[in-house]
file query07.csv (CSV, C-alpha atoms)
chain,number,residue,atom,x,y,z
E,1,MET,CA,23.1,17.7,-89.0
E,2,SER,CA,26.4,19.6,-88.2
E,3,VAL,CA,29.5,18.9,-90.2
E,4,SER,CA,31.4,17.7,-87.1
E,5,ALA,CA,28.9,14.8,-86.9
E,6,LEU,CA,29.3,14.0,-90.7
E,7,VAL,CA,33.1,14.2,-91.3
E,8,ARG,CA,35.6,11.8,-89.9
E,9,GLN,CA,38.4,13.9,-88.4
E,10,ASP,CA,41.0,11.1,-88.7
E,11,ALA,CA,40.2,10.6,-92.4
E,12,LEU,CA,40.4,14.4,-93.0
E,13,LEU,CA,43.8,14.8,-91.3
E,14,ASN,CA,45.2,11.8,-93.2
E,15,ALA,CA,44.1,13.3,-96.5
E,16,ILE,CA,45.7,16.7,-95.5
E,17,ARG,CA,49.0,15.0,-94.6
E,18,GLU,CA,49.0,13.1,-97.8
E,19,ALA,CA,48.3,16.3,-99.9
E,20,LEU,CA,51.1,18.1,-98.0
E,21,SER,CA,53.6,15.3,-98.6
E,22,ARG,CA,53.0,14.8,-102.4
E,23,GLY,CA,54.8,16.7,-105.1
E,24,ARG,CA,58.2,18.3,-105.3
E,25,ARG,CA,59.4,20.9,-102.8
E,26,HIS,CA,59.5,24.4,-104.1
E,27,LYS,CA,61.2,27.6,-103.0
E,28,PHE,CA,57.9,29.3,-102.2
E,29,VAL,CA,55.1,28.4,-99.8
E,30,GLU,CA,52.4,26.6,-101.7
E,31,SER,CA,48.7,27.1,-100.9
E,32,VAL,CA,46.4,24.2,-100.1
E,33,ASP,CA,43.3,24.2,-102.2
E,34,MET,CA,40.1,22.2,-101.9
E,35,MET,CA,37.7,21.3,-104.7
E,36,VAL,CA,34.2,20.0,-103.8
E,37,VAL,CA,32.2,18.3,-106.7
E,38,LEU,CA,28.5,18.4,-106.1
E,39,ARG,CA,25.8,16.2,-107.5
E,40,ASP,CA,22.0,16.7,-108.0
E,41,VAL,CA,22.3,20.5,-107.9
E,42,ASP,CA,20.4,22.3,-110.6
E,43,LEU,CA,22.3,25.5,-111.4
E,44,ASN,CA,19.5,26.7,-113.7
E,45,LYS,CA,17.7,27.6,-110.4
E,46,PRO,CA,18.9,31.0,-109.2
E,47,GLU,CA,18.6,29.9,-105.6
E,48,ASN,CA,21.3,27.3,-106.2
E,49,ARG,CA,23.9,29.8,-107.5
E,50,VAL,CA,25.6,31.2,-104.4
E,51,SER,CA,28.5,33.5,-103.5
E,52,LEU,CA,29.3,33.5,-99.8
E,53,ASN,CA,32.2,34.9,-97.7
E,54,VAL,CA,33.4,32.2,-95.2
E,55,PRO,CA,35.6,33.4,-92.3
E,56,LEU,CA,38.4,30.9,-91.7
E,57,PRO,CA,39.6,30.2,-88.1
E,58,HIS,CA,43.2,30.0,-89.4
E,59,PRO,CA,43.5,32.0,-92.6
E,60,PRO,CA,46.7,31.3,-94.6
E,61,LYS,CA,47.1,35.0,-95.2
E,62,LEU,CA,45.0,38.1,-94.5
E,63,ASN,CA,43.1,39.7,-97.3
E,64,LYS,CA,43.5,43.3,-98.5
E,65,ILE,CA,40.5,45.5,-97.8
E,66,ALA,CA,39.7,48.9,-99.3
E,67,ALA,CA,36.9,51.2,-98.1
E,68,PHE,CA,34.8,53.6,-100.2
E,69,ALA,CA,34.4,56.3,-97.5
E,70,SER,CA,34.1,59.9,-96.6
E,71,GLY,CA,33.6,61.9,-93.4
E,72,ALA,CA,33.3,60.1,-90.1
E,73,PHE,CA,33.3,56.7,-91.8
E,74,GLU,CA,36.7,57.4,-93.3
E,75,VAL,CA,38.2,57.8,-89.8
E,76,ALA,CA,36.4,54.7,-88.6
E,77,ALA,CA,37.5,52.6,-91.5
E,78,LYS,CA,41.2,53.7,-91.0
E,79,ASN,CA,40.9,52.8,-87.4
E,80,ALA,CA,39.4,49.4,-88.4
E,81,GLY,CA,42.6,48.6,-90.3
E,82,VAL,CA,41.6,48.9,-94.0
E,83,ASP,CA,44.4,48.9,-96.5
E,84,ALA,CA,43.1,51.9,-98.5
E,85,ILE,CA,40.5,54.6,-98.5
E,86,ILE,CA,38.8,55.6,-101.7
E,87,GLY,CA,36.8,58.8,-101.5
E,88,ARG,CA,33.8,60.1,-103.5
E,89,ASP,CA,36.0,62.2,-105.8
E,90,GLN,CA,38.2,59.2,-106.6
E,91,ILE,CA,35.2,57.1,-107.5
E,92,GLU,CA,33.8,59.9,-109.8
E,93,ALA,CA,37.3,60.2,-111.4
E,94,LEU,CA,37.1,56.5,-112.5
E,95,ALA,CA,34.0,57.0,-114.6
E,96,GLY,CA,34.5,55.4,-118.0
E,97,LYS,CA,38.0,54.2,-117.2
E,98,LYS,CA,37.4,50.5,-117.3
E,99,ARG,CA,41.1,49.6,-117.4
E,100,GLU,CA,41.7,51.5,-114.1
E,101,ILE,CA,38.6,50.0,-112.6
E,102,ARG,CA,39.8,46.5,-113.4
E,103,LYS,CA,43.1,47.2,-111.8
E,104,LEU,CA,41.4,48.5,-108.7
E,105,ALA,CA,39.2,45.3,-108.5
E,106,LYS,CA,42.3,43.1,-108.8
E,107,ARG,CA,44.3,45.1,-106.2
E,108,TYR,CA,42.0,44.4,-103.3
E,109,ASP,CA,40.3,41.2,-102.2
E,110,TYR,CA,37.2,42.9,-100.6
E,111,PHE,CA,35.6,46.3,-100.5
E,112,ILE,CA,33.3,48.0,-98.0
E,113,ALA,CA,31.2,51.1,-98.3
E,114,THR,CA,28.5,53.2,-96.7
E,115,PRO,CA,24.9,53.1,-98.1
E,116,ASP,CA,25.0,56.6,-99.4
E,117,LEU,CA,27.9,55.8,-101.8
E,118,MET,CA,26.4,52.7,-103.3
E,119,PRO,CA,24.4,54.4,-106.1
E,120,LEU,CA,27.6,56.1,-107.3
E,121,ILE,CA,29.6,52.9,-106.9
E,122,GLY,CA,27.0,50.9,-108.8
E,123,ARG,CA,26.9,53.5,-111.6
E,124,VAL,CA,30.7,53.9,-112.0
E,125,LEU,CA,32.1,50.6,-111.0
E,126,GLY,CA,29.2,48.1,-111.2
E,127,SER,CA,29.8,46.8,-114.7
E,128,VAL,CA,33.3,45.7,-113.8
E,129,PHE,CA,32.9,44.9,-110.1
E,130,GLY,CA,29.6,43.0,-110.4
E,131,PRO,CA,30.7,40.1,-112.6
E,132,ARG,CA,33.9,39.8,-110.5
E,133,GLY,CA,32.0,39.5,-107.2
E,134,LYS,CA,33.8,42.7,-106.0
E,135,MET,CA,30.8,44.9,-105.2
E,136,PRO,CA,31.4,46.3,-101.7
E,137,GLU,CA,29.8,45.0,-98.5
E,138,VAL,CA,27.6,47.8,-97.2
E,139,VAL,CA,28.3,48.9,-93.6
E,140,PRO,CA,25.3,50.7,-92.0
E,141,PRO,CA,26.0,53.8,-89.9
E,142,ASN,CA,25.3,52.0,-86.7
E,143,VAL,CA,27.7,49.1,-87.4
E,144,ASP,CA,31.4,49.1,-86.2
E,145,PRO,CA,33.4,48.6,-89.4
E,146,LYS,CA,36.2,46.9,-87.4
E,147,ALA,CA,34.1,43.8,-87.0
E,148,VAL,CA,33.3,43.7,-90.7
E,149,VAL,CA,37.0,44.4,-91.7
E,150,ASP,CA,38.3,41.7,-89.3
E,151,ARG,CA,35.8,39.1,-90.8
E,152,LEU,CA,36.6,39.9,-94.4
E,153,LYS,CA,40.4,39.8,-93.8
E,154,ARG,CA,39.9,36.2,-92.7
E,155,SER,CA,37.4,35.1,-95.4
E,156,VAL,CA,37.5,33.1,-98.5
E,157,ARG,CA,34.8,33.3,-101.2
E,158,LEU,CA,32.6,30.2,-101.7
E,159,LYS,CA,31.1,30.5,-105.2
E,160,LEU,CA,28.8,28.3,-107.2
E,161,ARG,CA,27.8,29.7,-110.6
E,162,THR,CA,28.1,27.8,-113.9
E,163,GLU,CA,29.2,24.3,-112.8
E,164,PRO,CA,28.5,22.2,-109.7
E,165,VAL,CA,32.1,22.6,-108.3
E,166,VAL,CA,33.4,24.7,-105.4
E,167,LYS,CA,37.1,25.6,-105.6
E,168,LEU,CA,38.9,27.7,-102.9
E,169,ARG,CA,42.0,28.0,-100.8
E,170,VAL,CA,41.8,26.5,-97.4
E,171,GLY,CA,45.4,26.8,-96.1
E,172,SER,CA,49.1,26.7,-96.9
E,173,GLU,CA,51.8,24.1,-96.5
E,174,ALA,CA,53.3,26.3,-93.7
E,175,GLN,CA,50.3,25.5,-91.5
E,176,LYS,CA,49.7,22.6,-89.2
E,177,PRO,CA,47.3,19.9,-90.6
E,178,GLU,CA,45.0,20.6,-87.7
E,179,GLU,CA,44.7,24.3,-88.7
E,180,ILE,CA,43.9,23.4,-92.3
E,181,ALA,CA,41.4,20.8,-91.1
E,182,ALA,CA,39.6,23.5,-89.0
E,183,ASN,CA,39.5,25.8,-92.1
E,184,ILE,CA,38.0,22.9,-94.2
E,185,MET,CA,35.4,22.3,-91.6
E,186,ALA,CA,34.4,25.9,-91.6
E,187,VAL,CA,33.9,25.8,-95.4
E,188,LEU,CA,32.0,22.5,-95.3
E,189,GLU,CA,29.8,23.8,-92.5
E,190,GLU,CA,28.7,26.7,-94.8
E,191,LEU,CA,28.3,24.3,-97.8
E,192,ASN,CA,26.3,21.8,-95.7
E,193,ALA,CA,23.8,24.6,-94.7
E,194,LYS,CA,22.9,25.1,-98.4
E,195,PHE,CA,23.6,21.6,-99.9
E,196,PRO,CA,23.5,18.8,-97.2
E,197,LEU,CA,26.7,16.9,-97.7
E,198,LYS,CA,25.3,13.4,-97.4
E,199,GLN,CA,23.0,14.1,-100.4
E,200,HIS,CA,25.0,16.4,-102.6
E,201,VAL,CA,28.8,15.8,-102.2
E,202,ALA,CA,30.1,13.5,-105.0
E,203,ARG,CA,33.9,14.0,-104.5
E,204,ILE,CA,36.3,16.2,-102.5
E,205,TYR,CA,39.9,16.8,-103.6
E,206,LEU,CA,42.8,18.5,-101.8
E,207,LYS,CA,46.0,19.7,-103.4
E,208,LYS,CA,49.0,22.0,-103.0
E,209,THR,CA,49.4,24.7,-105.6
E,210,MET,CA,51.9,22.6,-107.7
E,211,GLY,CA,51.0,19.2,-106.3
E,212,PRO,CA,48.8,16.4,-107.5
E,213,PRO,CA,45.2,16.2,-106.2
E,214,VAL,CA,44.4,13.8,-103.4
E,215,LEU,CA,40.9,12.3,-103.5
E,216,LEU,CA,39.4,12.2,-100.0
E,217,LYS,CA,38.3,8.7,-99.4
E,218,GLU,CA,34.7,7.5,-99.1
E,219,GLU,CA,35.1,7.0,-95.4
E,220,LEU,CA,35.5,10.8,-94.9
E,221,LEU,CA,31.7,11.1,-94.6
E,222,VAL,CA,30.1,9.1,-91.9
E,223,SER,CA,27.4,6.6,-93.0
E,224,ARG,CA,26.7,7.9,-96.5

call {"tool": "encode", "arguments": {"input": "query07.csv", "output": "structure tokens"}}
result
Amino acid sequence: MSVSALVRQDALLNAIREALSRGRRHKFVESVDMMVVLRDVDLNKPENRVSLNVPLPHPPKLNKIAAFASGAFEVAAKNAGVDAIIGRDQIEALAGKKREIRKLAKRYDYFIATPDLMPLIGRVLGSVFGPRGKMPEVVPPNVDPKAVVDRLKRSVRLKLRTEPVVKLRVGSEAQKPEEIAANIMAVLEELNAKFPLKQHVARIYLKKTMGPPVLLKEELLVSR
């Protein structure tokens, strides 16, 4: 069953408006975060531990993307709008420099690379990038990197690892409630495909960065 048939739009919009209205005003634009608490999900089973990139229809900000590239792919990646190009020589120069590798992982939200560079990337960067979920998305030679870069710029990472809780940013207080609702629906659609909401959602919270959490009411989900 699709999420649009499960979630009451009026209840969702009311919860978003309540989250936006609560807490003191600050001089910076606060993010809007969502936390989904799941039930009856056994994380000892590897198939239940997930890490997905979910494109948002209205991203609160665009992610920074770097490409591990050389040759023709370097040109294509630049044309696709990546924020940085990292060549083979630069990768090799990072060997054994864990502090520099950690700084690189923190500097960009996502990475892309061609298949031929992946063995080198895995050997030099894997021990740092792997646990952080920063290993690059592989772009095959016949795929236009622009489509991949555009998707990653709009994405948030949905992770479920050690506890049955999903936490991620779904908007900002500068956005319209309807835009935040569309982002939330995109995330819930992905989550519902893996863990049907009617069986597995215990609670959903929304909050601004500095605001108190708002519990989405039971009536959010249709006929639980």

call {"tool": "residues_around", "arguments": {"input": "query07.csv", "residues": "stretch 42-52 of chain E", "least_positions_apart": "5", "cutoff": "7 Å", "atoms": "all atoms listed in the file", "output": "ChimeraX atom specification"}}
result
/E:157-162

call {"tool": "closest_residue", "arguments": {"input": "query07.csv", "among": "E:Leu120, E:Val32, E:Val41, E:Leu216", "to": "E:Ala174", "atoms": "only C-alpha atoms"}}
result
E:Val32

call {"tool": "atom_distance", "arguments": {"input": "query07.csv", "atom1": "atom CA of E:Tyr110", "atom2": "atom CA of E:Pro196"}}
result
27.9 Å

call {"tool": "atom_distance", "arguments": {"input": "query07.csv", "atom1": "atom CA of E:Pro59", "atom2": "atom CA of E:Arg151"}}
result
10.6 Å

call {"tool": "closest_residue", "arguments": {"input": "query07.csv", "among": "E:Asn142, E:Pro55, E:Met185, E:Met135", "to": "E:Leu12", "atoms": "all atoms listed in the file"}}
result
E:Met185

call {"tool": "closest_residue", "arguments": {"input": "query07.csv", "among": "E:Ala147, E:Ala69, E:Lys78, E:His200", "to": "E:Met118", "atoms": "all atoms listed in the file"}}
result
E:Ala69

call {"tool": "atom_distance", "arguments": {"input": "query07.csv", "atom1": "atom CA of E:Glu30", "atom2": "atom CA of E:Glu173"}}
result
5.8 Å

call {"tool": "closest_residue", "arguments": {"input": "query07.csv", "among": "E:Asp40, E:Ala80, E:Glu74, E:Ala66", "to": "E:Asp144", "atoms": "all atoms listed in the file"}}
result
E:Ala80

call {"tool": "residues_near_point", "arguments": {"input": "query07.csv", "point": "(36.0, 40.2, -110.9)", "cutoff": "12 Å", "atoms": "all atoms listed in the file", "output": "PyMOL selection string"}}
result
chain E and resi 101-110+125-136+157

call {"tool": "closest_residue", "arguments": {"input": "query07.csv", "among": "E:Leu38, E:Asp10, E:Arg25, E:Val82", "to": "E:Lys198", "atoms": "only C-alpha atoms"}}
result
E:Leu38

call {"tool": "closest_residue", "arguments": {"input": "query07.csv", "among": "E:Lys97, E:Lys167, E:Arg39, E:Arg123", "to": "E:Gln199", "atoms": "all atoms listed in the file"}}
result
E:Arg39

call {"tool": "residues_around", "arguments": {"input": "query07.csv", "residues": "stretch 206-211 of chain E", "least_positions_apart": "6", "cutoff": "6 Å", "atoms": "all atoms listed in the file", "output": "ChimeraX atom specification"}}
result
/E:19,23,30-34

call {"tool": "axis_aligned_box", "arguments": {"input": "query07.csv", "around": "stretch 128-140 of chain E", "padding_each_side": "5 Å", "output": "AutoDock Vina command-line options"}}
result
--center_x 29.6 --center_y 45.1 --center_z -102.9 --size_x 18.6 --size_y 21.2 --size_z 31.8

call {"tool": "build_atoms", "arguments": {"input": "query07.csv", "residues": "stretch 165-192 of chain E", "atoms": "N, CA and C atoms", "output": "PDB file, in the coordinates of the input"}}
result
ATOM      1  N   VAL E 165      30.771  22.835-108.926  1.00  0.00           N
ATOM      2  CA  VAL E 165      32.100  22.600-108.300  1.00  0.00           C
ATOM      3  C   VAL E 165      32.459  23.857-107.525  1.00  0.00           C
ATOM      4  N   VAL E 166      32.919  23.644-106.297  1.00  0.00           N
ATOM      5  CA  VAL E 166      33.400  24.700-105.400  1.00  0.00           C
ATOM      6  C   VAL E 166      34.920  24.575-105.332  1.00  0.00           C
ATOM      7  N   LYS E 167      35.663  25.647-105.670  1.00  0.00           N
ATOM      8  CA  LYS E 167      37.100  25.600-105.600  1.00  0.00           C
ATOM      9  C   LYS E 167      37.563  26.813-104.728  1.00  0.00           C
ATOM     10  N   LEU E 168      38.398  26.558-103.718  1.00  0.00           N
ATOM     11  CA  LEU E 168      38.900  27.700-102.900  1.00  0.00           C
ATOM     12  C   LEU E 168      40.101  27.245-102.085  1.00  0.00           C
ATOM     13  N   ARG E 169      40.848  28.253-101.631  1.00  0.00           N
ATOM     14  CA  ARG E 169      42.000  28.000-100.800  1.00  0.00           C
ATOM     15  C   ARG E 169      41.661  27.815 -99.382  1.00  0.00           C
ATOM     16  N   VAL E 170      42.196  26.756 -98.779  1.00  0.00           N
ATOM     17  CA  VAL E 170      41.800  26.500 -97.400  1.00  0.00           C
ATOM     18  C   VAL E 170      43.049  26.444 -96.459  1.00  0.00           C
ATOM     19  N   GLY E 171      44.243  26.798 -96.981  1.00  0.00           N
ATOM     20  CA  GLY E 171      45.400  26.800 -96.100  1.00  0.00           C
ATOM     21  C   GLY E 171      46.689  26.960 -96.919  1.00  0.00           C
ATOM     22  N   SER E 172      47.804  26.720 -96.249  1.00  0.00           N
ATOM     23  CA  SER E 172      49.100  26.700 -96.900  1.00  0.00           C
ATOM     24  C   SER E 172      49.955  25.616 -96.285  1.00  0.00           C
ATOM     25  N   GLU E 173      51.004  25.226 -97.004  1.00  0.00           N
ATOM     26  CA  GLU E 173      51.800  24.100 -96.500  1.00  0.00           C
ATOM     27  C   GLU E 173      52.621  24.546 -95.253  1.00  0.00           C
ATOM     28  N   ALA E 174      52.642  25.834 -94.917  1.00  0.00           N
ATOM     29  CA  ALA E 174      53.300  26.300 -93.700  1.00  0.00           C
ATOM     30  C   ALA E 174      52.458  26.061 -92.453  1.00  0.00           C
ATOM     31  N   GLN E 175      51.190  25.713 -92.656  1.00  0.00           N
ATOM     32  CA  GLN E 175      50.300  25.500 -91.500  1.00  0.00           C
ATOM     33  C   GLN E 175      50.264  24.091 -91.043  1.00  0.00           C
ATOM     34  N   LYS E 176      49.825  23.929 -89.804  1.00  0.00           N
ATOM     35  CA  LYS E 176      49.700  22.600 -89.200  1.00  0.00           C
ATOM     36  C   LYS E 176      48.428  21.926 -89.884  1.00  0.00           C
ATOM     37  N   PRO E 177      48.469  20.601 -90.061  1.00  0.00           N
ATOM     38  CA  PRO E 177      47.300  19.900 -90.600  1.00  0.00           C
ATOM     39  C   PRO E 177      46.020  20.188 -89.819  1.00  0.00           C
ATOM     40  N   GLU E 178      46.147  20.343 -88.504  1.00  0.00           N
ATOM     41  CA  GLU E 178      45.000  20.600 -87.700  1.00  0.00           C
ATOM     42  C   GLU E 178      44.353  21.979 -88.003  1.00  0.00           C
ATOM     43  N   GLU E 179      45.197  22.953 -88.341  1.00  0.00           N
ATOM     44  CA  GLU E 179      44.700  24.300 -88.700  1.00  0.00           C
ATOM     45  C   GLU E 179      43.973  24.223 -90.059  1.00  0.00           C
ATOM     46  N   ILE E 180      44.568  23.506 -91.009  1.00  0.00           N
ATOM     47  CA  ILE E 180      43.900  23.400 -92.300  1.00  0.00           C
ATOM     48  C   ILE E 180      42.610  22.610 -92.174  1.00  0.00           C
ATOM     49  N   ALA E 181      42.583  21.592 -91.309  1.00  0.00           N
ATOM     50  CA  ALA E 181      41.400  20.800 -91.100  1.00  0.00           C
ATOM     51  C   ALA E 181      40.257  21.737 -90.528  1.00  0.00           C
ATOM     52  N   ALA E 182      40.607  22.625 -89.601  1.00  0.00           N
ATOM     53  CA  ALA E 182      39.600  23.500 -89.000  1.00  0.00           C
ATOM     54  C   ALA E 182      39.066  24.478 -90.118  1.00  0.00           C
ATOM     55  N   ASN E 183      39.927  24.932 -91.025  1.00  0.00           N
ATOM     56  CA  ASN E 183      39.500  25.800 -92.100  1.00  0.00           C
ATOM     57  C   ASN E 183      38.527  25.001 -93.059  1.00  0.00           C
ATOM     58  N   ILE E 184      38.888  23.763 -93.371  1.00  0.00           N
ATOM     59  CA  ILE E 184      38.000  22.900 -94.200  1.00  0.00           C
ATOM     60  C   ILE E 184      36.677  22.721 -93.593  1.00  0.00           C
ATOM     61  N   MET E 185      36.669  22.480 -92.295  1.00  0.00           N
ATOM     62  CA  MET E 185      35.400  22.300 -91.600  1.00  0.00           C
ATOM     63  C   MET E 185      34.519  23.506 -91.643  1.00  0.00           C
ATOM     64  N   ALA E 186      35.142  24.695 -91.542  1.00  0.00           N
ATOM     65  CA  ALA E 186      34.400  25.900 -91.600  1.00  0.00           C
ATOM     66  C   ALA E 186      33.706  26.084 -92.986  1.00  0.00           C
ATOM     67  N   VAL E 187      34.441  25.725 -94.046  1.00  0.00           N
ATOM     68  CA  VAL E 187      33.900  25.800 -95.400  1.00  0.00           C
ATOM     69  C   VAL E 187      32.774  24.771 -95.583  1.00  0.00           C
ATOM     70  N   LEU E 188      33.026  23.541 -95.145  1.00  0.00           N
ATOM     71  CA  LEU E 188      32.000  22.500 -95.300  1.00  0.00           C
ATOM     72  C   LEU E 188      30.773  22.780 -94.495  1.00  0.00           C
ATOM     73  N   GLU E 189      30.928  23.455 -93.361  1.00  0.00           N
ATOM     74  CA  GLU E 189      29.800  23.800 -92.500  1.00  0.00           C
ATOM     75  C   GLU E 189      28.851  24.767 -93.333  1.00  0.00           C
ATOM     76  N   GLU E 190      29.439  25.767 -93.995  1.00  0.00           N
ATOM     77  CA  GLU E 190      28.700  26.700 -94.800  1.00  0.00           C
ATOM     78  C   GLU E 190      28.013  25.958 -95.994  1.00  0.00           C
ATOM     79  N   LEU E 191      28.782  25.077 -96.629  1.00  0.00           N
ATOM     80  CA  LEU E 191      28.300  24.300 -97.800  1.00  0.00           C
ATOM     81  C   LEU E 191      27.137  23.404 -97.366  1.00  0.00           C
ATOM     82  N   ASN E 192      27.307  22.770 -96.217  1.00  0.00           N
ATOM     83  CA  ASN E 192      26.300  21.800 -95.700  1.00  0.00           C
ATOM     84  C   ASN E 192      24.975  22.529 -95.406  1.00  0.00           C
TER      85      ASN E 192
END
